[in-house]
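**Q** Let me begin by handing over the structure; questions about it come next.
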Amino acid sequence: MTFDSYHWHRSVLSTPELERARALVSATHDRTSFAVLLRSNDIAAVGIAFDQYQYGEASSRWGVSNPFAEYQDEVAARAREVLRGPPSSSSGGAQAGANHASALNALSNLAEPEDAELVVQALELTSTADLRCTATLAARRVLERAASPNEQLIAALERIVFDDTVADEERTAALGSLGGASSASATDILLRVIRLPHLKLQAHAALHLLDRGGHRALVEEVAHAWPADSPYPTDEVLELLAEMPHQTGLDPQGNENE
């Protein structure tokens, strides 16, 4: 089974040449055809190129190299160009904002700290779950690579985490991106989340707090109240606590002193 696109599989491209290129990219990973899609003026064709690039990146975890890796700089530049423009309208079977979703998807492995403003803008303009998901992934990459995390980006993710109208999966994904930010504000958000009456979010916050090397006493206090049938990843939190040596000399927030 061949892969076509995450967001554009029902879209018809504007020319027969682009449709031929699309078919070749899907069937044979033809690099010349990939470049034709990426460099075109067809919104859907460019989106398909972004999706194909990201699919190649995702496949690399199984030891298969991305067939379009040589185009990574061009993909990143084109994705930034798309994000500076307006989100696409719903048409041809593609959801509104599909062009931004595909661009953010491609940037999830290519974004740099200087892309923070573009990702913040995308998070603030998100209108669909697809857009929130891809923007959150790009935000994770930006925060992981930044020497000094962008506070606007952290605040944008915070709004998703505390928005109870957003699906749990999206809230935990935003929390996961915050977990990679080494800043006091990100830690403060995790400390607030672990006190929420939401077991799944509590558990994810607990994992990130333990990963930071502290807050064991607080995590133990919260975990003690979890029922036996609590959702994932409460079991991972409990396993980590069981493996960790007990510490003495805790500060008032439950952090282990050196």
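We name chains A, B, ... following the order of the structure tokens; residues begin at 1 in each chain, and ligands are numbered from 1 as shown.
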Using the chain letters and numbers from this document, which residues of segment 43-203 of chain A does DSSP assign to helix (DSSP H, G or I), as a PyMOL selection string?
**A** chain A and resi 43-62+69-84+98-107+113-125+129-145+151-161+168-179+184-193+199-203
**Q** Can you tell me which residues surround Thr172 of chain A at a distance of at most 9 Å, considering only C-alpha atoms, apart from same-chain residues fewer than 5 positions away, and format the answer as a PDB file with N, CA and C atoms, in the first residue's frame?
**A**
ATOM      1  N   VAL A 161      -3.364  23.494  27.032  1.00  0.00           N
ATOM      2  CA  VAL A 161      -3.365  22.562  28.160  1.00  0.00           C
ATOM      3  C   VAL A 161      -4.543  22.821  29.094  1.00  0.00           C
ATOM      4  N   ALA A 167      -9.735  18.374  23.031  1.00  0.00           N
ATOM      5  CA  ALA A 167      -9.644  16.940  23.306  1.00  0.00           C
ATOM      6  C   ALA A 167      -8.451  16.618  24.200  1.00  0.00           C
ATOM      7  N   SER A 177       4.945  18.873  24.819  1.00  0.00           N
ATOM      8  CA  SER A 177       5.851  19.869  24.247  1.00  0.00           C
ATOM      9  C   SER A 177       6.405  20.785  25.327  1.00  0.00           C
ATOM     10  N   LYS A 200      -5.420  11.863  33.755  1.00  0.00           N
ATOM     11  CA  LYS A 200      -4.479  11.680  32.652  1.00  0.00           C
ATOM     12  C   LYS A 200      -3.487  12.833  32.581  1.00  0.00           C
ATOM     13  N   LEU A 201      -3.984  14.064  32.697  1.00  0.00           N
ATOM     14  CA  LEU A 201      -3.088  15.216  32.676  1.00  0.00           C
ATOM     15  C   LEU A 201      -2.173  15.205  33.901  1.00  0.00           C
ATOM     16  N   HIS A 204       0.687  12.738  33.185  1.00  0.00           N
ATOM     17  CA  HIS A 204       1.670  13.243  32.225  1.00  0.00           C
ATOM     18  C   HIS A 204       2.531  14.334  32.861  1.00  0.00           C
ATOM     19  N   ALA A 205       1.900  15.213  33.637  1.00  0.00           N
ATOM     20  CA  ALA A 205       2.669  16.248  34.326  1.00  0.00           C
ATOM     21  C   ALA A 205       3.642  15.619  35.310  1.00  0.00           C
TER      22      ALA A 205
END
**Q** In terms of the shortest atom-to-atom distance over only C-alpha atoms, which of A:Ile160, A:Ala147, A:Ile43, A:Ala138 is closest to Glu117 of chain A?
**A**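 Looking only at the distances to Glu117 of chain A, the closest residue turns out to be A:Ala138.
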**Q** Would you list the contacts of Ser88 of chain A as a PDB file with N, CA and C atoms, in the first residue's frame, taking every protein, DNA or RNA residue within 10 Å and counting only C-alpha atoms, but skipping same-chain residues closer than 4 positions in sequence?
**A**
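Here's the written file result-v6.pdb:
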ATOM      1  N   ILE A  43      -1.494  24.698  -4.274  1.00  0.00           N
ATOM      2  CA  ILE A  43      -1.499  24.559  -2.810  1.00  0.00           C
ATOM      3  C   ILE A  43      -1.498  23.093  -2.398  1.00  0.00           C
ATOM      4  N   ALA A  44      -2.346  22.307  -3.046  1.00  0.00           N
ATOM      5  CA  ALA A  44      -2.451  20.892  -2.688  1.00  0.00           C
ATOM      6  C   ALA A  44      -1.175  20.137  -3.041  1.00  0.00           C
ATOM      7  N   VAL A  82       4.765  29.240   3.387  1.00  0.00           N
ATOM      8  CA  VAL A  82       3.339  28.920   3.476  1.00  0.00           C
ATOM      9  C   VAL A  82       2.743  29.450   4.779  1.00  0.00           C
ATOM     10  N   ALA A  94     -10.212  18.711   1.328  1.00  0.00           N
ATOM     11  CA  ALA A  94      -9.230  19.109   2.336  1.00  0.00           C
ATOM     12  C   ALA A  94      -9.877  20.061   3.337  1.00  0.00           C
ATOM     13  N   GLN A  95      -9.537  19.905   4.604  1.00  0.00           N
ATOM     14  CA  GLN A  95     -10.085  20.772   5.630  1.00  0.00           C
ATOM     15  C   GLN A  95      -9.506  22.175   5.529  1.00  0.00           C
ATOM     16  N   ALA A  96     -10.196  23.133   6.115  1.00  0.00           N
ATOM     17  CA  ALA A  96      -9.679  24.492   6.195  1.00  0.00           C
ATOM     18  C   ALA A  96      -8.335  24.474   6.933  1.00  0.00           C
ATOM     19  N   GLY A  97      -7.374  25.223   6.406  1.00  0.00           N
ATOM     20  CA  GLY A  97      -6.066  25.284   7.038  1.00  0.00           C
ATOM     21  C   GLY A  97      -5.170  24.103   6.747  1.00  0.00           C
ATOM     22  N   ALA A  98      -5.533  23.282   5.778  1.00  0.00           N
ATOM     23  CA  ALA A  98      -4.722  22.095   5.468  1.00  0.00           C
ATOM     24  C   ALA A  98      -3.319  22.477   5.011  1.00  0.00           C
ATOM     25  N   ASN A  99      -3.185  23.622   4.336  1.00  0.00           N
ATOM     26  CA  ASN A  99      -1.842  24.049   3.898  1.00  0.00           C
ATOM     27  C   ASN A  99      -0.946  24.322   5.105  1.00  0.00           C
ATOM     28  N   HIS A 100      -1.491  24.945   6.142  1.00  0.00           N
ATOM     29  CA  HIS A 100      -0.714  25.195   7.354  1.00  0.00           C
ATOM     30  C   HIS A 100      -0.425  23.894   8.095  1.00  0.00           C
ATOM     31  N   ALA A 101      -1.405  22.995   8.125  1.00  0.00           N
ATOM     32  CA  ALA A 101      -1.197  21.714   8.808  1.00  0.00           C
ATOM     33  C   ALA A 101      -0.047  20.932   8.169  1.00  0.00           C
TER      34      ALA A 101
END
**Q** Given the choices A:Leu13, A:Tyr6, A:Arg39, A:Val119, which gets closest to Ser91 of chain A if the distance is worked out from only C-alpha atoms?
**A** A:Leu13
